[in-house]
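Structure below is data_33.cif: mmCIF, C-alpha atoms.
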```
data_query
loop_
_atom_site.group_PDB
_atom_site.id
_atom_site.type_symbol
_atom_site.label_atom_id
_atom_site.label_comp_id
_atom_site.auth_asym_id
_atom_site.auth_seq_id
_atom_site.Cartn_x
_atom_site.Cartn_y
_atom_site.Cartn_z
ATOM 1 C CA MET A 18 28.695 -63.363 -16.093
ATOM 2 C CA PHE A 19 29.727 -63.048 -12.445
ATOM 3 C CA GLU A 20 26.094 -62.292 -11.500
ATOM 4 C CA LYS A 21 24.870 -65.534 -13.138
ATOM 5 C CA LEU A 22 27.565 -67.562 -11.341
ATOM 6 C CA LYS A 23 26.450 -66.007 -8.071
ATOM 7 C CA LEU A 24 22.807 -66.861 -8.829
ATOM 8 C CA ARG A 25 23.792 -70.399 -9.815
ATOM 9 C CA GLY A 26 25.581 -70.802 -6.476
ATOM 10 C CA LYS A 27 22.489 -69.504 -4.675
ATOM 11 C CA LEU A 28 20.261 -72.078 -6.397
ATOM 12 C CA ILE A 29 22.677 -74.906 -5.539
ATOM 13 C CA LYS A 30 22.699 -73.678 -1.929
ATOM 14 C CA ALA A 31 18.870 -73.800 -2.007
ATOM 15 C CA PHE A 32 18.952 -77.381 -3.346
ATOM 16 C CA ARG A 33 21.452 -78.331 -0.635
ATOM 17 C CA THR A 34 19.332 -76.708 2.115
ATOM 18 C CA ALA A 35 16.182 -78.433 0.828
ATOM 19 C CA GLU A 36 18.072 -81.753 0.383
ATOM 20 C CA ILE A 37 17.136 -81.956 -3.290
ATOM 21 C CA TYR A 38 20.062 -83.966 -4.642
ATOM 22 C CA ARG A 39 21.279 -87.482 -5.290
ATOM 23 C CA VAL A 40 23.851 -88.909 -2.869
ATOM 24 C CA ILE A 41 26.765 -90.834 -4.396
ATOM 25 C CA LYS A 42 29.143 -92.849 -2.222
ATOM 26 C CA HIS A 43 32.667 -93.800 -3.332
ATOM 27 C CA GLY A 44 34.154 -95.854 -0.514
ATOM 28 C CA ASP A 45 34.262 -93.524 2.464
ATOM 29 C CA ARG A 46 33.719 -90.409 0.257
ATOM 30 C CA THR A 47 30.256 -88.918 -0.263
ATOM 31 C CA SER A 48 29.366 -86.538 -3.069
ATOM 32 C CA TYR A 49 26.137 -84.858 -4.105
ATOM 33 C CA GLN A 50 24.618 -84.469 -7.554
ATOM 34 C CA PHE A 51 22.261 -81.518 -7.802
ATOM 35 C CA PRO A 52 19.559 -80.924 -10.415
ATOM 36 C CA LYS A 53 20.918 -79.809 -13.792
ATOM 37 C CA ILE A 54 20.588 -76.033 -14.236
ATOM 38 C CA HIS A 55 19.741 -75.140 -17.842
ATOM 39 C CA LYS A 56 19.135 -71.427 -17.770
ATOM 40 C CA ILE A 57 19.052 -68.431 -15.442
ATOM 41 C CA ASP A 58 17.136 -65.319 -16.520
ATOM 42 C CA HIS A 59 17.765 -62.340 -14.272
ATOM 43 C CA HIS A 60 15.574 -59.228 -14.610
ATOM 44 C CA ASN A 61 14.727 -56.249 -12.421
ATOM 45 C CA ASN A 62 11.405 -57.756 -11.332
ATOM 46 C CA TYR A 63 12.282 -61.437 -11.137
ATOM 47 C CA THR A 64 14.886 -64.179 -11.539
ATOM 48 C CA ARG A 65 13.843 -67.429 -13.251
ATOM 49 C CA TYR A 66 15.820 -70.647 -12.880
ATOM 50 C CA ALA A 67 15.146 -73.479 -15.360
ATOM 51 C CA PHE A 68 16.417 -76.905 -14.305
ATOM 52 C CA SER A 69 15.762 -80.627 -14.520
ATOM 53 C CA LEU A 70 15.753 -83.145 -11.707
ATOM 54 C CA LEU A 71 18.040 -86.141 -11.956
ATOM 55 C CA ASN A 72 16.428 -89.560 -12.298
ATOM 56 C CA GLY A 73 15.494 -90.886 -8.902
ATOM 57 C CA ILE A 74 14.779 -87.496 -7.288
ATOM 58 C CA ASP A 75 11.170 -87.217 -6.157
ATOM 59 C CA PRO A 76 9.537 -84.158 -7.817
ATOM 60 C CA GLU A 77 7.276 -83.820 -4.762
ATOM 61 C CA LEU A 78 10.344 -82.632 -2.830
ATOM 62 C CA LEU A 79 10.003 -79.244 -4.527
ATOM 63 C CA THR A 80 6.577 -78.841 -2.931
ATOM 64 C CA LYS A 81 7.441 -80.496 0.382
ATOM 65 C CA LYS A 82 10.628 -78.447 0.787
ATOM 66 C CA ARG A 83 9.253 -75.178 -0.584
ATOM 67 C CA TRP A 84 9.857 -73.557 2.813
ATOM 68 C CA ALA A 85 13.571 -74.404 2.631
ATOM 69 C CA LEU A 86 13.827 -73.044 -0.931
ATOM 70 C CA ARG A 87 12.160 -69.825 0.247
ATOM 71 C CA GLN A 88 14.652 -69.491 3.107
ATOM 72 C CA VAL A 89 17.489 -69.251 0.575
ATOM 73 C CA LEU A 90 15.912 -67.767 -2.562
ATOM 74 C CA GLY A 91 13.337 -65.403 -1.040
ATOM 75 C CA SER A 92 9.762 -65.606 0.150
ATOM 76 C CA ASN A 93 8.028 -64.858 -3.180
ATOM 77 C CA ILE A 94 8.770 -67.941 -5.269
ATOM 78 C CA GLU A 95 6.698 -69.691 -7.894
ATOM 79 C CA ILE A 96 7.448 -73.297 -8.882
ATOM 80 C CA ASN A 97 6.259 -74.616 -12.260
ATOM 81 C CA GLY A 98 6.814 -77.897 -14.069
ATOM 82 C CA SER A 99 6.259 -81.604 -13.664
ATOM 83 C CA LEU A 100 8.132 -84.891 -13.449
ATOM 84 C CA LYS A 101 11.652 -83.707 -14.435
ATOM 85 C CA ASN A 102 11.648 -80.217 -15.927
ATOM 86 C CA PHE A 103 10.926 -77.281 -13.640
ATOM 87 C CA SER A 104 11.380 -73.583 -13.208
ATOM 88 C CA ILE A 105 11.528 -71.501 -10.067
ATOM 89 C CA THR A 106 10.666 -67.840 -10.448
ATOM 90 C CA VAL A 107 11.814 -65.585 -7.627
ATOM 91 C CA HIS A 108 9.817 -62.361 -7.602
ATOM 92 C CA HIS A 109 11.764 -59.363 -6.288
ATOM 93 C CA LYS A 110 8.573 -57.547 -5.358
ATOM 94 C CA ASP A 111 5.901 -58.204 -2.732
ATOM 95 C CA LEU A 112 2.182 -58.367 -3.362
ATOM 96 C CA PRO A 113 0.429 -55.139 -2.420
ATOM 97 C CA THR A 114 -1.184 -55.303 1.010
ATOM 98 C CA LEU A 115 -4.025 -52.975 0.053
ATOM 99 C CA LEU A 116 -5.857 -52.437 -3.224
ATOM 100 C CA LYS A 117 -8.195 -49.496 -3.729
ATOM 101 C CA TYR A 118 -11.340 -50.358 -5.690
ATOM 102 C CA ASP A 119 -11.634 -48.146 -8.763
ATOM 103 C CA TYR A 120 -14.186 -49.298 -11.320
ATOM 104 C CA GLU A 121 -12.865 -46.958 -14.025
ATOM 105 C CA THR A 122 -9.435 -48.618 -13.807
ATOM 106 C CA ILE A 123 -10.906 -52.132 -13.845
ATOM 107 C CA HIS A 124 -13.427 -51.546 -16.662
ATOM 108 C CA PRO A 125 -11.008 -51.726 -19.658
ATOM 109 C CA HIS A 126 -9.901 -55.192 -18.453
ATOM 110 C CA ILE A 127 -13.420 -56.604 -18.188
ATOM 111 C CA GLU A 128 -15.398 -54.787 -20.894
ATOM 112 C CA LYS A 129 -15.644 -57.796 -23.233
ATOM 113 C CA MET A 130 -16.944 -60.134 -20.510
ATOM 114 C CA GLU A 131 -20.571 -61.060 -19.940
ATOM 115 C CA LEU A 132 -20.501 -61.132 -16.121
ATOM 116 C CA PRO A 133 -17.025 -60.103 -14.918
ATOM 117 C CA VAL A 134 -15.365 -61.036 -11.663
ATOM 118 C CA CYS A 135 -12.228 -59.009 -10.963
ATOM 119 C CA ILE A 136 -10.603 -60.358 -7.812
ATOM 120 C CA GLY A 137 -7.480 -58.246 -7.627
ATOM 121 C CA GLN A 138 -4.010 -57.844 -9.067
ATOM 122 C CA GLU A 139 -1.050 -60.142 -9.417
ATOM 123 C CA ILE A 140 2.433 -59.207 -8.269
ATOM 124 C CA TYR A 141 3.196 -57.018 -11.313
ATOM 125 C CA GLY A 142 -0.074 -55.097 -11.185
ATOM 126 C CA ASN A 143 -1.998 -56.999 -13.886
ATOM 127 C CA PHE A 144 -5.659 -57.530 -13.063
ATOM 128 C CA ILE A 145 -6.928 -61.044 -12.358
ATOM 129 C CA SER A 146 -10.412 -61.427 -13.825
ATOM 130 C CA TRP A 147 -12.800 -64.174 -14.893
ATOM 131 C CA ASP A 148 -16.088 -64.176 -16.698
ATOM 132 C CA PHE A 149 -18.616 -65.571 -14.218
ATOM 133 C CA ALA A 150 -20.770 -66.604 -17.186
ATOM 134 C CA ASP A 151 -18.117 -69.282 -17.894
ATOM 135 C CA LEU A 152 -18.021 -70.499 -14.269
ATOM 136 C CA GLU A 153 -20.585 -72.843 -12.773
ATOM 137 C CA THR A 154 -19.848 -71.865 -9.183
ATOM 138 C CA LEU A 155 -17.552 -69.589 -7.232
ATOM 139 C CA LEU A 156 -16.242 -70.514 -3.792
ATOM 140 C CA ILE A 157 -14.701 -67.810 -1.641
ATOM 141 C CA SER A 158 -12.913 -69.240 1.377
ATOM 142 C CA GLY A 159 -10.457 -68.013 3.968
ATOM 143 C CA GLU A 160 -9.931 -67.467 7.646
ATOM 144 C CA ILE A 161 -11.724 -64.784 9.670
ATOM 145 C CA GLY A 162 -10.582 -61.362 8.540
ATOM 146 C CA ALA A 163 -9.099 -62.608 5.252
ATOM 147 C CA GLY A 164 -11.408 -60.408 3.162
ATOM 148 C CA LYS A 165 -14.147 -62.779 1.965
ATOM 149 C CA SER A 166 -16.930 -60.264 2.574
ATOM 150 C CA SER A 167 -14.898 -57.459 1.005
ATOM 151 C CA LEU A 168 -14.328 -59.564 -2.112
ATOM 152 C CA MET A 169 -18.040 -60.379 -2.293
ATOM 153 C CA ARG A 170 -18.849 -56.647 -2.133
ATOM 154 C CA VAL A 171 -16.287 -55.944 -4.893
ATOM 155 C CA ILE A 172 -17.874 -58.603 -7.126
ATOM 156 C CA LEU A 173 -21.416 -57.320 -6.532
ATOM 157 C CA THR A 174 -20.387 -53.670 -6.957
ATOM 158 C CA THR A 175 -18.676 -54.509 -10.243
ATOM 159 C CA TRP A 176 -21.774 -56.341 -11.499
ATOM 160 C CA VAL A 177 -24.078 -53.461 -10.521
ATOM 161 C CA LYS A 178 -21.838 -50.904 -12.247
ATOM 162 C CA TYR A 179 -21.269 -53.153 -15.273
ATOM 163 C CA ALA A 180 -24.783 -54.347 -16.104
ATOM 164 C CA SER A 181 -28.083 -52.531 -16.378
ATOM 165 C CA PRO A 182 -30.948 -53.488 -14.018
ATOM 166 C CA LYS A 183 -32.684 -54.954 -17.086
ATOM 167 C CA ASP A 184 -29.758 -57.379 -17.617
ATOM 168 C CA LEU A 185 -28.944 -58.193 -13.970
ATOM 169 C CA ARG A 186 -31.328 -59.129 -11.173
ATOM 170 C CA LEU A 187 -30.004 -60.003 -7.711
ATOM 171 C CA VAL A 188 -31.450 -61.770 -4.681
ATOM 172 C CA LEU A 189 -29.016 -61.254 -1.800
ATOM 173 C CA VAL A 190 -28.908 -63.196 1.468
ATOM 174 C CA ASP A 191 -26.981 -61.690 4.402
ATOM 175 C CA LEU A 192 -27.506 -63.871 7.475
ATOM 176 C CA LYS A 193 -24.666 -62.075 9.305
ATOM 177 C CA ARG A 194 -26.490 -58.763 8.808
ATOM 178 C CA ALA A 195 -23.164 -57.096 8.198
ATOM 179 C CA ASP A 196 -22.025 -57.533 4.646
ATOM 180 C CA LEU A 197 -24.650 -56.626 2.064
ATOM 181 C CA GLY A 198 -26.725 -53.853 3.616
ATOM 182 C CA LEU A 199 -25.099 -51.271 1.338
ATOM 183 C CA PHE A 200 -26.960 -52.853 -1.608
ATOM 184 C CA HIS A 201 -30.355 -52.050 -0.034
ATOM 185 C CA GLY A 202 -32.415 -49.903 -2.405
ATOM 186 C CA ILE A 203 -30.257 -50.547 -5.474
ATOM 187 C CA GLU A 204 -32.357 -51.004 -8.605
ATOM 188 C CA HIS A 205 -30.746 -54.374 -9.484
ATOM 189 C CA VAL A 206 -31.755 -55.973 -6.152
ATOM 190 C CA ASP A 207 -35.078 -57.833 -6.086
ATOM 191 C CA ALA A 208 -34.667 -58.961 -2.475
ATOM 192 C CA LEU A 209 -32.241 -58.513 0.418
ATOM 193 C CA CYS A 210 -32.854 -61.212 3.033
ATOM 194 C CA PHE A 211 -31.438 -61.066 6.564
ATOM 195 C CA GLU A 212 -33.165 -64.160 7.984
ATOM 196 C CA ALA A 213 -33.670 -67.701 6.668
ATOM 197 C CA LYS A 214 -37.461 -67.320 6.861
ATOM 198 C CA ASP A 215 -37.277 -64.412 4.373
ATOM 199 C CA MET A 216 -35.697 -66.535 1.665
#
```
What would the structure in this file look like if it were written as structure tokens?
Amino acid sequence: MFEKLKLRGKLIKAFRTAEIYRVIKHGDRTSYQFPKIHKIDHHNNYTRYAFSLLNGIDPELLTKKRWALRQVLGSNIEINGSLKNFSITVHHKDLPTLLKYDYETIHPHIEKMELPVCIGQEIYGNFISWDFADLETLLISGEIGAGKSSLMRVILTTWVKYASPKDLRLVLVDLKRADLGLFHGIEHVDALCFEAKDM
């Protein structure tokens, strides 16, 4: 009970810091009405707060003031909801900074897919995968050094290990001459182009 009161106080402090409240003036007195807290679930891995915004509070404040909420609640927060009803999940664990590629570990999570794309793990270690056969396009973006080329190599390696050369044919273009050379000579690859004129 005391733990939930403490967590409730922490959430109200976060709302106060982020200025997510309604101001009520009574003469020269000012009071604040905070969002209504419905439920607090506290677990070893996370704490989830369920609440509703009062009428007149802009829901966009939760996004705009995310930084202030993180300053009080912790850096790993997830905000879900719309209009009035929301939840904030505070994860007590950080994302891993390094993941080792191991096809044998990934395979059970992708074996029913036609053309799997496994891009990593979420905060609790569950794999994040999609079936590329269901996607029309895939855009990989990020700043220099963010791991775009590494992710591309993971996707291609998974495809090569997953599908037979009869079922998968690849034409690879590597204008940087740095990312896809390791696929040279692999049976699945029909062409590996390093210059625009080779395409």
Restricting the calculation to only C-alpha atoms: of A:Arg83, A:Lys117, A:His55, A:Lys183, which residue gets closest to A:Glu36?
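For A:Glu36, the nearest of the candidates is A:Arg83.
Comparing the minimum interatomic distances between A:Asp75 and each of A:Tyr63, A:Phe32, A:Phe149, A:Tyr38, counting all atoms listed in the file, we find that A:Tyr38 sits nearest.
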Pick from A:Asp111, A:Asp184, A:Asp207, A:Asp119: nearest to A:Tyr141, with all atoms listed in the file counted?
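Ranking A:Asp111, A:Asp184, A:Asp207, A:Asp119 by distance to A:Tyr141, first place goes to A:Asp111.
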Between atom CA of A:Pro113 and atom CA of A:Leu197, what is the spacing in Å?
25.5 Å
Would you write out, as a list of chain:residue names, every residue that the PyMOL selection byres ((chain A and resi 128) around 12) captures in this file?
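For this structure, the PyMOL selection byres ((chain A and resi 128) around 12) resolves to A:Tyr120, A:Glu121, A:Thr122, A:Ile123, A:His124, A:Pro125, A:His126, A:Ile127, A:Lys129, A:Met130, A:Glu131, A:Leu132, A:Pro133, A:Val134, A:Cys135, A:Ser146, A:Trp147, A:Asp148, A:Thr175, A:Trp176, A:Lys178, A:Tyr179, A:Ala180.
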Nearest-residue call for A:Ile203, choices A:Thr174, A:Asp215, A:Leu79, A:Arg33, using all atoms listed in the file:
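Smallest distance to A:Ile203 is found for A:Thr174.
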